[in-house]
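Data block for input_27.txt (compact mmCIF, C-alpha atoms):
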```
# COMPACT_ATOMS: atom_id res chain seq x y z
CA MET A 6 20.83 -28.09 -17.04
CA GLY A 7 18.53 -25.39 -15.72
CA LEU A 8 15.46 -25.02 -13.55
CA ASP A 9 12.41 -25.77 -15.68
CA ALA A 10 8.64 -25.70 -15.23
CA ASN A 11 8.65 -29.20 -13.69
CA TRP A 12 11.12 -28.02 -11.09
CA ALA A 13 8.96 -24.96 -10.36
CA VAL A 14 5.86 -27.10 -9.84
CA LYS A 15 7.80 -29.43 -7.54
CA TRP A 16 9.25 -26.44 -5.67
CA LEU A 17 5.84 -24.92 -5.04
CA THR A 18 4.45 -28.30 -4.00
CA LEU A 19 7.30 -28.70 -1.50
CA CYS A 20 6.69 -25.13 -0.28
CA ALA A 21 3.07 -26.07 0.45
CA GLN A 22 4.24 -29.20 2.28
CA ALA A 23 6.77 -27.22 4.32
CA MET A 24 4.20 -24.57 5.31
CA ALA A 25 1.77 -27.29 6.40
CA GLU A 26 4.47 -29.07 8.41
CA HIS A 27 5.77 -25.89 10.03
CA ARG A 28 2.39 -24.24 10.47
CA VAL A 29 2.33 -24.57 14.25
CA GLU A 30 5.99 -23.54 14.58
CA LEU A 31 5.33 -20.37 12.58
CA ILE A 32 2.20 -19.65 14.61
CA GLU A 33 4.22 -20.00 17.83
CA LEU A 34 6.98 -17.71 16.56
CA ASP A 35 4.44 -15.14 15.44
CA ARG A 36 2.51 -15.37 18.70
CA ALA A 37 5.62 -14.26 20.58
CA ILE A 38 6.19 -11.07 18.60
CA GLY A 39 3.29 -10.62 16.18
CA ASP A 40 -0.34 -11.52 15.75
CA SER A 41 0.13 -15.30 15.53
CA ASP A 42 -1.40 -15.64 12.09
CA HIS A 43 1.72 -16.20 9.98
CA GLY A 44 1.63 -20.01 10.01
CA GLU A 45 -2.02 -20.15 9.18
CA ASN A 46 -1.73 -17.49 6.48
CA MET A 47 1.25 -19.11 4.76
CA ASP A 48 -0.36 -22.54 4.93
CA ARG A 49 -3.59 -21.22 3.44
CA GLY A 50 -1.71 -19.29 0.76
CA PHE A 51 0.37 -22.23 -0.44
CA GLN A 52 -2.59 -24.62 -0.25
CA ALA A 53 -4.29 -22.23 -2.67
CA VAL A 54 -1.20 -22.34 -4.89
CA LEU A 55 -1.41 -26.14 -4.79
CA ALA A 56 -5.06 -25.99 -5.85
CA LYS A 57 -4.14 -23.69 -8.76
CA LEU A 58 -1.43 -26.13 -9.85
CA GLY A 59 -4.11 -28.84 -9.86
CA GLU A 60 -6.24 -26.80 -12.25
CA SER A 61 -3.56 -26.12 -14.83
CA THR A 62 0.13 -26.85 -15.29
CA PRO A 63 2.30 -23.78 -15.90
CA GLU A 64 4.38 -23.99 -19.07
CA THR A 65 7.38 -22.02 -17.84
CA PRO A 66 8.95 -21.36 -14.43
CA GLY A 67 8.07 -17.69 -14.89
CA ALA A 68 4.39 -18.55 -15.37
CA ALA A 69 4.47 -20.65 -12.20
CA LEU A 70 6.04 -17.78 -10.26
CA LYS A 71 3.48 -15.28 -11.53
CA MET A 72 0.55 -17.53 -10.67
CA THR A 73 2.05 -17.96 -7.19
CA ALA A 74 2.38 -14.17 -6.79
CA MET A 75 -1.24 -13.57 -7.67
CA THR A 76 -2.48 -16.39 -5.44
CA LEU A 77 -0.42 -15.40 -2.38
CA MET A 78 -1.47 -11.77 -2.68
CA SER A 79 -5.11 -12.81 -2.80
CA LYS A 80 -5.20 -15.60 -0.24
CA VAL A 81 -2.65 -14.86 2.49
CA GLY A 82 -4.43 -11.83 3.94
CA GLY A 83 -1.70 -10.50 6.25
CA ALA A 84 1.36 -8.46 5.33
CA ALA A 85 3.11 -11.61 4.10
CA GLY A 86 0.68 -11.74 1.14
CA PRO A 87 1.79 -8.58 -0.65
CA LEU A 88 5.41 -9.11 0.45
CA TYR A 89 5.77 -12.67 -0.87
CA GLY A 90 3.45 -11.82 -3.74
CA THR A 91 5.73 -8.99 -4.80
CA ALA A 92 8.78 -11.23 -4.36
CA PHE A 93 7.36 -13.91 -6.66
CA LEU A 94 6.08 -11.29 -9.11
CA ARG A 95 9.47 -9.60 -9.42
CA ALA A 96 11.20 -12.99 -9.72
CA ALA A 97 8.72 -13.93 -12.47
CA THR A 98 9.53 -10.72 -14.33
CA ALA A 99 13.26 -11.37 -13.90
CA VAL A 100 13.11 -14.86 -15.44
CA GLY A 101 10.66 -13.83 -18.16
CA ASP A 102 9.31 -16.61 -20.37
CA ALA A 103 12.54 -18.63 -20.46
CA ALA A 104 11.97 -22.39 -20.47
CA GLU A 105 14.88 -22.91 -18.07
CA ILE A 106 16.61 -20.78 -15.45
CA ASP A 107 20.41 -21.09 -15.25
CA PRO A 108 22.34 -20.47 -12.00
CA SER A 109 23.11 -16.84 -12.78
CA ALA A 110 19.51 -16.09 -13.77
CA TRP A 111 18.36 -17.75 -10.53
CA ALA A 112 20.68 -15.47 -8.53
CA ASP A 113 19.22 -12.50 -10.44
CA ALA A 114 15.68 -13.69 -9.75
CA LEU A 115 16.42 -13.95 -6.01
CA ALA A 116 17.87 -10.43 -6.05
CA ALA A 117 14.76 -9.13 -7.84
CA ALA A 118 12.56 -10.89 -5.26
CA ARG A 119 14.53 -9.38 -2.38
CA ASP A 120 14.38 -5.91 -3.96
CA GLY A 121 10.62 -6.30 -4.32
CA ILE A 122 10.24 -7.17 -0.63
CA VAL A 123 12.37 -4.17 0.33
CA ALA A 124 10.44 -1.85 -1.99
CA ARG A 125 7.09 -3.06 -0.66
CA GLY A 126 7.89 -3.35 3.04
CA LYS A 127 10.54 -0.62 3.34
CA ALA A 128 12.57 -2.83 5.69
CA GLU A 129 16.35 -2.82 5.75
CA PRO A 130 18.80 -5.53 6.80
CA GLY A 131 18.85 -5.74 10.59
CA ASP A 132 15.21 -4.73 11.04
CA LYS A 133 14.34 -8.32 12.09
CA THR A 134 12.25 -9.16 9.03
CA MET A 135 12.32 -11.59 6.11
CA VAL A 136 14.85 -9.27 4.48
CA ASP A 137 17.38 -10.67 6.97
CA ALA A 138 16.95 -14.11 5.38
CA TRP A 139 16.76 -12.90 1.79
CA THR A 140 19.76 -10.61 1.72
CA PRO A 141 22.37 -13.21 2.74
CA ALA A 142 20.64 -15.71 0.43
CA VAL A 143 20.94 -13.35 -2.52
CA ASP A 144 24.61 -12.69 -1.76
CA ALA A 145 25.40 -16.39 -1.33
CA ALA A 146 23.58 -17.37 -4.53
CA ARG A 147 25.37 -14.65 -6.49
CA ALA A 148 28.78 -15.71 -5.13
CA ALA A 149 28.10 -19.40 -5.87
CA ALA A 150 26.83 -18.63 -9.38
CA ASP A 151 29.83 -16.42 -10.13
CA GLY A 152 32.22 -19.03 -8.70
CA GLY A 153 30.97 -21.40 -11.40
CA SER A 154 32.08 -24.61 -9.71
CA ALA A 155 29.08 -24.99 -7.42
CA GLY A 156 26.67 -26.04 -10.15
CA LEU A 157 22.97 -25.44 -10.08
CA LEU A 158 22.32 -27.45 -6.95
CA GLY A 159 25.22 -25.72 -5.23
CA VAL A 160 23.65 -22.32 -5.90
CA LEU A 161 20.30 -23.44 -4.50
CA VAL A 162 21.97 -24.94 -1.43
CA ALA A 163 24.05 -21.80 -0.84
CA ALA A 164 20.92 -19.64 -0.90
CA ALA A 165 18.99 -21.95 1.44
CA GLU A 166 21.82 -22.25 3.96
CA ALA A 167 22.41 -18.50 3.99
CA ALA A 168 18.68 -17.86 4.49
CA GLU A 169 18.56 -20.36 7.37
CA ALA A 170 21.59 -18.72 9.02
CA GLY A 171 20.02 -15.33 8.40
CA ALA A 172 16.80 -16.41 10.11
CA VAL A 173 18.72 -17.69 13.16
CA ALA A 174 20.62 -14.39 13.24
CA THR A 175 17.34 -12.48 13.74
CA ASP A 176 17.09 -13.92 17.29
CA PRO A 177 18.91 -11.09 19.14
CA LEU A 178 17.64 -8.29 16.89
CA ILE A 179 15.15 -5.64 17.98
CA ALA A 180 12.34 -5.37 15.46
CA ARG A 181 12.06 -2.09 13.62
CA LYS A 182 9.35 -3.03 11.10
CA GLY A 183 5.98 -4.74 11.20
CA ARG A 184 3.82 -5.66 14.15
CA ALA A 185 6.82 -6.83 16.18
CA SER A 186 8.27 -3.31 16.19
CA TYR A 187 5.56 -2.27 18.66
CA LEU A 188 7.27 -4.56 21.20
CA GLY A 189 10.58 -2.68 20.97
CA GLU A 190 13.30 -4.37 23.05
CA ARG A 191 10.95 -7.17 24.06
CA SER A 192 11.15 -8.45 20.47
CA ALA A 193 14.77 -9.50 21.09
CA GLY A 194 15.24 -13.19 21.91
CA HIS A 195 12.66 -14.36 19.38
CA ARG A 196 13.18 -15.54 15.81
CA ASP A 197 11.40 -13.61 13.09
CA PRO A 198 8.65 -15.80 11.59
CA GLY A 199 8.92 -14.19 8.14
CA ALA A 200 12.65 -14.95 8.01
CA VAL A 201 11.87 -18.56 8.96
CA SER A 202 9.19 -18.99 6.28
CA SER A 203 11.56 -17.42 3.73
CA ALA A 204 14.22 -19.99 4.61
CA LEU A 205 11.62 -22.78 4.25
CA ILE A 206 10.79 -21.56 0.74
CA LEU A 207 14.44 -21.45 -0.31
CA ARG A 208 15.10 -24.88 1.27
CA ALA A 209 12.18 -26.32 -0.74
CA ALA A 210 13.87 -25.04 -3.90
CA VAL A 211 16.78 -27.38 -3.11
CA GLY A 212 14.51 -30.36 -2.54
CA ALA A 213 12.81 -29.79 -5.86
CA ALA A 214 16.13 -29.98 -7.73
CA ALA A 215 17.67 -32.85 -5.79
CA MET B 10 -15.65 12.64 -15.75
CA THR B 11 -15.96 12.31 -12.00
CA VAL B 12 -13.05 10.67 -10.19
CA SER B 13 -13.87 7.31 -8.59
CA ILE B 14 -12.60 6.29 -5.18
CA VAL B 15 -11.56 2.82 -3.97
CA VAL B 16 -11.35 2.03 -0.25
CA VAL B 17 -8.98 -0.77 0.78
CA SER B 18 -9.44 -1.88 4.38
CA HIS B 19 -8.64 -4.94 6.48
CA SER B 20 -12.29 -5.10 7.37
CA ALA B 21 -15.24 -5.35 4.99
CA LYS B 22 -17.33 -3.51 7.55
CA ILE B 23 -14.89 -0.61 7.72
CA ALA B 24 -14.71 -0.32 3.93
CA ASP B 25 -18.49 -0.53 3.55
CA GLY B 26 -19.17 1.83 6.43
CA ALA B 27 -16.64 4.42 5.30
CA THR B 28 -18.00 4.47 1.74
CA GLU B 29 -21.55 4.70 3.09
CA LEU B 30 -20.55 7.70 5.19
CA ALA B 31 -18.78 9.42 2.29
CA ALA B 32 -21.63 8.69 -0.13
CA GLN B 33 -23.90 10.79 2.06
CA MET B 34 -21.80 13.87 1.29
CA ALA B 35 -20.94 12.93 -2.29
CA PRO B 36 -23.91 11.11 -3.83
CA GLY B 37 -22.60 11.50 -7.39
CA VAL B 38 -19.22 9.83 -6.81
CA VAL B 39 -18.51 6.15 -7.48
CA LEU B 40 -17.20 4.80 -4.16
CA LEU B 41 -15.99 1.21 -4.18
CA ALA B 42 -15.26 -0.85 -1.07
CA ALA B 43 -12.52 -3.51 -1.10
CA GLY B 44 -12.46 -4.70 2.49
CA GLY B 45 -11.51 -8.02 4.09
CA THR B 46 -10.29 -11.21 2.48
CA ASP B 47 -12.03 -13.28 -0.20
CA ASP B 48 -13.40 -15.61 2.48
CA GLY B 49 -14.67 -12.86 4.75
CA ARG B 50 -11.83 -12.71 7.24
CA ILE B 51 -9.87 -9.70 8.46
CA GLY B 52 -7.17 -8.91 5.92
CA THR B 53 -6.81 -7.56 2.43
CA SER B 54 -7.31 -9.22 -0.92
CA LEU B 55 -5.58 -8.41 -4.17
CA GLU B 56 -8.52 -9.85 -6.09
CA LYS B 57 -10.99 -7.55 -4.37
CA VAL B 58 -8.76 -4.54 -4.99
CA LEU B 59 -8.25 -5.47 -8.65
CA ALA B 60 -12.00 -5.96 -9.08
CA ALA B 61 -12.71 -2.56 -7.53
CA LEU B 62 -10.08 -0.87 -9.69
CA GLU B 63 -11.57 -2.49 -12.77
CA GLN B 64 -15.04 -1.33 -11.83
CA ALA B 65 -13.69 2.17 -11.20
CA GLY B 66 -12.56 2.26 -14.80
CA GLY B 67 -8.89 3.03 -14.20
CA ASP B 68 -9.19 6.58 -15.53
CA GLY B 69 -9.11 8.99 -12.65
CA THR B 70 -9.22 6.82 -9.55
CA VAL B 71 -7.95 7.59 -6.07
CA VAL B 72 -7.28 4.74 -3.62
CA LEU B 73 -7.49 5.14 0.15
CA THR B 74 -6.19 2.53 2.56
CA ASP B 75 -6.15 1.74 6.27
CA LEU B 76 -3.28 -0.08 8.03
CA GLY B 77 0.14 -1.02 6.62
CA SER B 78 -0.56 -4.17 4.65
CA ALA B 79 -3.60 -2.58 2.98
CA VAL B 80 -1.15 -0.04 1.59
CA MET B 81 1.07 -2.90 0.40
CA THR B 82 -1.84 -4.72 -1.21
CA ALA B 83 -2.95 -1.55 -2.98
CA GLU B 84 0.60 -0.93 -4.21
CA SER B 85 0.84 -4.55 -5.34
CA ALA B 86 -2.41 -4.21 -7.28
CA LEU B 87 -1.05 -1.17 -9.10
CA GLU B 88 2.18 -3.04 -9.85
CA PHE B 89 0.14 -5.95 -11.20
CA LEU B 90 -1.72 -3.59 -13.51
CA GLY B 91 1.56 -2.03 -14.67
CA ASP B 92 1.10 1.20 -12.67
CA PRO B 93 -1.79 2.60 -14.72
CA GLU B 94 -1.87 6.35 -15.24
CA GLY B 95 -4.66 8.14 -13.47
CA VAL B 96 -4.79 5.73 -10.51
CA LEU B 97 -3.32 7.39 -7.43
CA LEU B 98 -2.74 6.17 -3.88
CA ALA B 99 -3.52 8.74 -1.22
CA ASP B 100 -1.56 8.74 2.03
CA ALA B 101 -4.36 9.90 4.26
CA PRO B 102 -6.41 8.95 7.32
CA LEU B 103 -9.10 6.64 5.96
CA VAL B 104 -12.33 8.20 7.16
CA GLU B 105 -11.42 11.89 7.17
CA GLY B 106 -9.43 11.51 3.95
CA LEU B 107 -12.22 9.62 2.23
CA VAL B 108 -14.86 12.20 3.08
CA ALA B 109 -12.60 15.04 1.94
CA ALA B 110 -11.70 13.15 -1.25
CA ALA B 111 -15.31 12.29 -2.03
CA VAL B 112 -16.39 15.88 -1.58
CA ALA B 113 -13.57 17.06 -3.84
CA ALA B 114 -14.53 14.48 -6.47
CA GLN B 115 -18.14 15.57 -6.21
CA GLY B 116 -16.97 19.12 -6.90
CA GLY B 117 -15.36 17.98 -10.14
CA ALA B 118 -11.72 17.87 -9.01
CA ASP B 119 -9.29 15.74 -11.03
CA ALA B 120 -7.48 12.74 -9.54
CA GLN B 121 -4.47 14.77 -8.37
CA ALA B 122 -6.73 17.28 -6.64
CA VAL B 123 -8.83 14.53 -5.05
CA LYS B 124 -5.64 12.93 -3.72
CA ARG B 125 -4.50 16.30 -2.37
CA ALA B 126 -7.85 16.83 -0.68
CA ALA B 127 -7.56 13.45 1.02
CA GLU B 128 -4.02 14.11 2.17
CA ALA B 129 -4.90 17.60 3.39
CA ALA B 130 -7.27 15.88 5.83
CA PHE B 131 -4.26 15.23 8.04
CA GLY B 132 -5.15 18.69 9.29
CA PRO B 133 -3.49 22.07 9.57
CA ALA B 134 -0.55 20.84 11.65
CA ARG B 135 0.86 18.79 8.81
CA GLN B 136 3.02 20.68 6.36
CA PRO B 137 3.03 19.50 2.76
CA ALA B 138 6.05 17.33 2.03
CA PRO B 139 8.81 19.19 0.17
CA ASP B 140 8.64 16.68 -2.69
CA SER B 141 4.86 16.84 -2.99
CA GLY B 142 5.13 18.34 -6.45
CA GLN B 143 4.18 21.83 -5.42
CA ALA B 144 6.45 24.64 -6.57
CA ALA B 145 8.78 25.32 -3.65
CA ASP B 146 9.22 28.99 -4.41
CA GLU B 147 5.63 29.92 -3.84
CA GLY B 148 2.82 29.06 -1.50
CA PRO B 149 2.10 29.56 2.15
CA GLY B 150 5.23 27.80 3.39
CA ALA B 151 7.73 29.89 1.46
CA GLY B 152 6.88 33.30 2.84
CA ALA B 153 6.10 34.75 -0.58
CA PRO B 154 3.26 37.30 -0.45
CA PRO B 155 -0.08 35.86 -1.57
CA ASP B 156 -1.27 36.56 -5.09
CA CYS B 157 -4.72 37.43 -3.83
CA THR B 158 -6.39 37.97 -0.45
CA GLY B 159 -9.83 38.66 0.89
CA ASP B 160 -11.77 38.99 4.16
CA PHE B 161 -15.29 37.68 4.48
CA GLU B 162 -17.67 37.64 7.44
CA LEU B 163 -19.71 34.53 8.08
CA VAL B 164 -23.40 35.41 7.89
CA ASN B 165 -25.15 32.07 8.34
CA GLN B 166 -26.39 31.04 11.78
CA ALA B 167 -24.34 27.86 12.11
CA GLY B 168 -21.08 29.29 10.78
CA MET B 169 -18.38 26.98 9.47
CA HIS B 170 -19.75 23.51 10.26
CA ALA B 171 -19.21 20.24 8.41
CA ARG B 172 -21.28 20.86 5.29
CA PRO B 173 -19.87 24.31 4.46
CA ALA B 174 -16.34 23.09 5.26
CA ALA B 175 -16.80 20.14 2.91
CA LYS B 176 -18.15 22.37 0.17
CA MET B 177 -15.39 24.94 0.53
CA ALA B 178 -12.57 22.37 0.73
CA GLY B 179 -14.01 20.46 -2.21
CA GLY B 180 -14.24 23.53 -4.40
CA LEU B 181 -10.79 24.83 -3.45
CA SER B 182 -9.10 21.48 -4.03
CA SER B 183 -10.26 21.53 -7.65
CA LEU B 184 -8.53 24.88 -8.28
CA ASP B 185 -4.89 25.41 -9.18
CA ALA B 186 -4.17 27.41 -6.06
CA GLU B 187 -2.74 27.05 -2.57
CA VAL B 188 -5.22 28.65 -0.23
CA THR B 189 -5.09 29.32 3.49
CA ILE B 190 -8.05 30.46 5.52
CA ASN B 191 -7.13 31.97 8.89
CA GLY B 192 -3.87 30.04 8.53
CA VAL B 193 -5.25 26.56 7.81
CA ASP B 194 -5.25 24.73 4.48
CA GLY B 195 -8.40 25.75 2.64
CA ALA B 196 -8.53 22.40 0.83
CA SER B 197 -8.71 20.55 4.17
CA MET B 198 -12.24 20.01 5.37
CA THR B 199 -11.04 18.99 8.83
CA GLY B 200 -8.69 21.97 8.91
CA LEU B 201 -11.55 24.35 8.19
CA MET B 202 -13.69 22.74 10.86
CA THR B 203 -10.97 23.20 13.48
CA LEU B 204 -11.27 26.97 12.98
CA GLY B 205 -14.47 26.85 15.01
CA ALA B 206 -15.61 29.94 13.11
CA GLY B 207 -19.15 30.92 14.08
CA LYS B 208 -21.52 33.57 12.74
CA GLY B 209 -19.81 36.97 12.65
CA SER B 210 -16.30 35.51 12.44
CA VAL B 211 -14.13 36.90 9.66
CA LEU B 212 -12.33 34.50 7.33
CA HIS B 213 -9.03 35.88 6.12
CA VAL B 214 -8.23 34.21 2.80
CA GLU B 215 -4.76 34.13 1.22
CA ALA B 216 -4.21 32.43 -2.11
CA TRP B 217 -1.19 31.62 -4.26
CA GLY B 218 -1.06 30.27 -7.79
CA ALA B 219 -2.78 30.60 -11.16
CA ASP B 220 -6.31 30.34 -9.76
CA ALA B 221 -5.63 32.56 -6.70
CA GLU B 222 -8.20 35.18 -7.69
CA ARG B 223 -10.86 32.58 -8.50
CA ALA B 224 -10.21 30.87 -5.17
CA VAL B 225 -10.74 34.06 -3.18
CA SER B 226 -13.90 34.97 -5.05
CA TYR B 227 -15.15 31.39 -4.66
CA VAL B 228 -14.77 31.61 -0.88
CA GLY B 229 -16.31 35.09 -0.90
CA ALA B 230 -19.36 33.98 -2.86
CA LEU B 231 -19.91 30.93 -0.64
CA VAL B 232 -19.57 32.90 2.58
CA GLN B 233 -21.72 35.84 1.47
CA SER B 234 -24.49 33.49 0.36
CA GLY B 235 -24.40 31.93 3.83
CA PHE B 236 -23.66 28.61 2.13
CA GLY B 237 -27.31 28.66 1.10
CA GLU B 238 -28.32 28.40 4.78
CA PRO B 239 -30.29 30.76 6.99
```
Conversion result in C-alpha cells:
Amino acid sequence: MGLDANWAVKWLTLCAQAMAEHRVELIELDRAIGDSDHGENMDRGFQAVLAKLGESTPETPGAALKMTAMTLMSKVGGAAGPLYGTAFLRAATAVGDAAEIDPSAWADALAAARDGIVARGKAEPGDKTMVDAWTPAVDAARAAADGGSAGLLGVLVAAAEAAEAGAVATDPLIARKGRASYLGERSAGHRDPGAVSSALILRAAVGAAA
Amino acid sequence: MTVSIVVVSHSAKIADGATELAAQMAPGVVLLAAGGTDDGRIGTSLEKVLAALEQAGGDGTVVLTDLGSAVMTAESALEFLGDPEGVLLADAPLVEGLVAAAVAAQGGADAQAVKRAAEAAFGPARQPAPDSGQAADEGPGAGAPPDCTGDFELVNQAGMHARPAAKMAGGLSSLDAEVTINGVDGASMTGLMTLGAGKGSVLHVEAWGADAERAVSYVGALVQSGFGEP
C-alpha cells in the first residue's frame, strides 16, 4: 500500500482544517517574535488550496503537491509562502507522476522538501525556524523507512512526532533567521511559529492515512 | 532587443512608484511592477511575478526585489519556470538599483550588464564579490595597471549631476570593461554622483578589459561635449 491521490487530497484538507483550528495560536506565537501574520497567512493559503481542490481533483499525489505549491506561493503573502511553496514543489518533483508513494519515496520527498526550504531561506538547524521541525522529521522518516518494520503509517507517525519535538525544541533557541532574528536574545523562550505549522502539516499527513 | 526589468515589492505602491521613477530616466525600457498580493495586501505574489515575467518576454530580463521574502518569491518564480536563461535576479537596493539598471538597459546593455549596473548601485564602498564572474587577475581590485587611462575636465555648468551620471554609468555598463573614475566604479550612477565633481573638476579614468579604450574615449566624448548641457 502507498500514499495515493485520495490520501493527498485528504491530507491537504486536514492541513486546511488544522490551520483554521490553530490560526489564533499561530498568530499569538508570531506576535511574540514576528509580525503576527503567520496564522492568518497559513489559514488563507490552505483555504485557497481547499478551493482549488473543489475545482478539480488531482490525479496523482505529485499533482496535488504541485498545485499546493503554486497556491501557497501565490496566496500566503509572507515568507512562509515561498518557503512552503518551494517545499511542496520540491516534494512534487521528488514523487514525480507516480500513482502511489511508498515509505522510502515519502522519506525522499520530505528530504527534498526540507532541502528546498533550506535553499530558499538559507536557514540552518538551530536557527529557530521551520528547518528545526523538518530536519528531525526527515531523519526520523528515513530511519523508519529503512527499518522496514514500521510500515507506511509508522513512517508518517515518526515524521510527525519528530517535527513536533523539533518545534518544542525551538523554545530556548535564539533566532538567527527571519523577522525574529531582529529580537536577538529576546527571541528565546518562545516557540517558532513556522516550526509549529510544519508539525501541523506533518501531523495531518498521519490523519489522512489513518 | 532592450532588456526588460521586473520589480518585485511587498507593496504595490512601492513597485509602481519605483517603476514610474525609473521610467522617467529610461522611457524606452519595459518596466513591470509586481507589488503586493493578489488581493491588494502587503506581501508578494507568485502569480503577479509570473505574469510580469511572461509579459517581459523571458529573453533578457532583470528582476529587482525589496525585502527578504520578495527575493524568495522571485527565486521561486524562476524555479517554477525552470530557471529560464536570460532572466537574472539582481542583488541591489531597489530604487537606486532600478534607476541604474533602467538607464543601462536604455543604453542598450545586455541582461548581465544591466544586472551589474543595478548591483554597482550599492556604491563605491562595496567591492565586487570574488565569485562575481569577473576575471580575478585583472581589474581595479587586483592592482594590475589599467589598459587605458584618460583625464578629462568637466566643462558644463552643473558638473556631474544625476543625468550625466546616469548616462555615463549606463554607457559604461554596456561595455566589456571595468572602469573607475576618480576611484569609484564608473558603472555606478550613485558612485559617480558621490564624487561631487563640479565644473572644472578633472575626472581621472582608468579602464581594464577588452573595451578599455572605448570606455575611456566614451567618457572623454561625454565630458568634452558637456553632456550636451551648457
Give as a short mmCIF file (atom, residue, chain, number, x, y, z; two decimals) with C-alpha atoms, keeping the file's coordinate frame every residue of chain A that touches chain B within 9 Å, counting only C-alpha atoms.
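Below is the file result18.cif, written as the result:
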```cif
data_model
loop_
_atom_site.label_atom_id
_atom_site.label_comp_id
_atom_site.auth_asym_id
_atom_site.auth_seq_id
_atom_site.Cartn_x
_atom_site.Cartn_y
_atom_site.Cartn_z
CA MET A 75 -1.24 -13.57 -7.67
CA THR A 76 -2.48 -16.39 -5.44
CA LEU A 77 -0.42 -15.40 -2.38
CA MET A 78 -1.47 -11.77 -2.68
CA SER A 79 -5.11 -12.81 -2.80
CA LYS A 80 -5.20 -15.60 -0.24
CA VAL A 81 -2.65 -14.86 2.49
CA GLY A 82 -4.43 -11.83 3.94
CA GLY A 83 -1.70 -10.50 6.25
CA ALA A 84 1.36 -8.46 5.33
CA ALA A 85 3.11 -11.61 4.10
CA GLY A 86 0.68 -11.74 1.14
CA PRO A 87 1.79 -8.58 -0.65
CA LEU A 88 5.41 -9.11 0.45
CA GLY A 90 3.45 -11.82 -3.74
CA THR A 91 5.73 -8.99 -4.80
CA LEU A 94 6.08 -11.29 -9.11
CA ARG A 125 7.09 -3.06 -0.66
CA GLY A 126 7.89 -3.35 3.04
CA GLY A 183 5.98 -4.74 11.20
#
```
Using all atoms listed in the file, which of the listed residues (B:Gly44, B:Gly205, B:Pro239, B:Pro173) sits closest to Val112 in chain B?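 Nearest candidate to Val112 in chain B out of B:Gly44, B:Gly205, B:Pro239, B:Pro173: B:Pro173.
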Can you tell me how far CA of Leu34 in chain A sits from CA of Gly159 in chain A, in Å to one decimal?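 Going from CA of Leu34 in chain A over to CA of Gly159 in chain A covers 29.5 Å.
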Just to confirm, what's the straight-line distance from CA of Ala117 in chain A to CA of Ala193 in chain A in Å (one decimal)? 28.9 Å
Select, counting all atoms listed in the file, all protein, DNA and RNA residues no farther than 10 Å from (0.9, -17.0, 13.3) in file coordinates, and express the selection as a ChimeraX atom specification. /A:28-47,83,198-199
Within 9 Å of Leu161 in chain A, counting all atoms listed in the file, which residues qualify if same-chain residues fewer than 5 places away don't, as a PDB file with C-alpha atoms, in the frame of the given file?
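Listing of selection-v3.pdb after writing:
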```pdb
ATOM      1  CA  PRO A 108      22.340 -20.470 -12.000  1.00  0.00           C
ATOM      2  CA  TRP A 111      18.360 -17.750 -10.530  1.00  0.00           C
ATOM      3  CA  ALA A 112      20.680 -15.470  -8.530  1.00  0.00           C
ATOM      4  CA  ALA A 146      23.580 -17.370  -4.530  1.00  0.00           C
ATOM      5  CA  ALA A 149      28.100 -19.400  -5.870  1.00  0.00           C
ATOM      6  CA  GLY A 156      26.670 -26.040 -10.150  1.00  0.00           C
ATOM      7  CA  GLU A 166      21.820 -22.250   3.960  1.00  0.00           C
ATOM      8  CA  LEU A 207      14.440 -21.450  -0.310  1.00  0.00           C
ATOM      9  CA  ARG A 208      15.100 -24.880   1.270  1.00  0.00           C
ATOM     10  CA  ALA A 210      13.870 -25.040  -3.900  1.00  0.00           C
ATOM     11  CA  VAL A 211      16.780 -27.380  -3.110  1.00  0.00           C
ATOM     12  CA  ALA A 214      16.130 -29.980  -7.730  1.00  0.00           C
TER      13      ALA A 214
END
```
Just give me the gap between CA of Glu190 in chain A and CA of Asp100 in chain B in Å, one decimal is fine.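 Answer for the CA of Glu190 in chain A to CA of Asp100 in chain B separation: 28.9 Å.
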Protein/DNA/RNA residues near (-5.5, -28.6, 3.1), cut 12 Å, all atoms listed in the file, as an MDAnalysis selection string: chainID A and resid 21:22 24:26 28 45 47:56
Could you give me, as a list in words, the residues within 9 Å of Ser192 in chain A, counting all atoms listed in the file and dropping anything in the same chain fewer than 6 positions from it? Ala37, Ile38, Lys133, Asp176, Pro177, Leu178, Ile179, Ala180, Ala185 and Ser186 of chain A
Env of Leu73 in chain B: 8 Å cut, atoms = all atoms listed in the file, seq-sep filter 6 positions within chain, self excluded. Answer as an NGL selection string. :B and (14-17 or 98-101 or 103 or 106-107)
Shell of 7 Å around Phe93 in chain A, only C-alpha atoms, local chain residues under 3 positions omitted, as a list in words: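 In the requested form, the answer reads Leu70, Lys71, Thr73, Ala74, Tyr89, Gly90, Ala96, Ala97 and Ala118 of chain A.
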Let me make sure I understand: among A:Gly153, A:Pro141, A:Gly101, A:Pro66, which one has the smallest atom-to-atom distance to Ser203 in chain A if we use only C-alpha atoms?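 When distances to Ser203 in chain A are compared using only C-alpha atoms, the smallest one comes from A:Pro141.
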Applying 9 Å and only C-alpha atoms, which residues near Asp137 in chain A remain after dropping the ones on its own chain fewer than 6 positions away? List them as a PyMOL selection string. chain A and resi 129-131+168+171-172+174-175+200
When distances are computed from all atoms listed in the file, which of B:Ala219, B:Ala113, B:Val123, B:Met198 shows the smallest separation from Gly69 in chain B?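 Using all atoms listed in the file, Gly69 in chain B sits closest to B:Val123.
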Find the residue from A:His195, A:His27, A:Lys127, A:Arg147 that sits nearest to Arg181 in chain A; use all atoms listed in the file when measuring.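 Under the stated criterion, the closest residue is A:Lys127.
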Listed atoms of range 73-80 of chain A, axis-aligned box, 3 Å per side: centre and edge lengths to one decimal in Å, as lines of an AutoDock Vina configuration file?
```
center_x = -1.4
center_y = -14.9
center_z = -4.0
size_x = 13.6
size_y = 12.2
size_z = 13.4
```
B:Ala60, B:Ile190, B:Glu238, B:Gly116: which is nearest Leu204 in chain B, counting only C-alpha atoms? B:Ile190
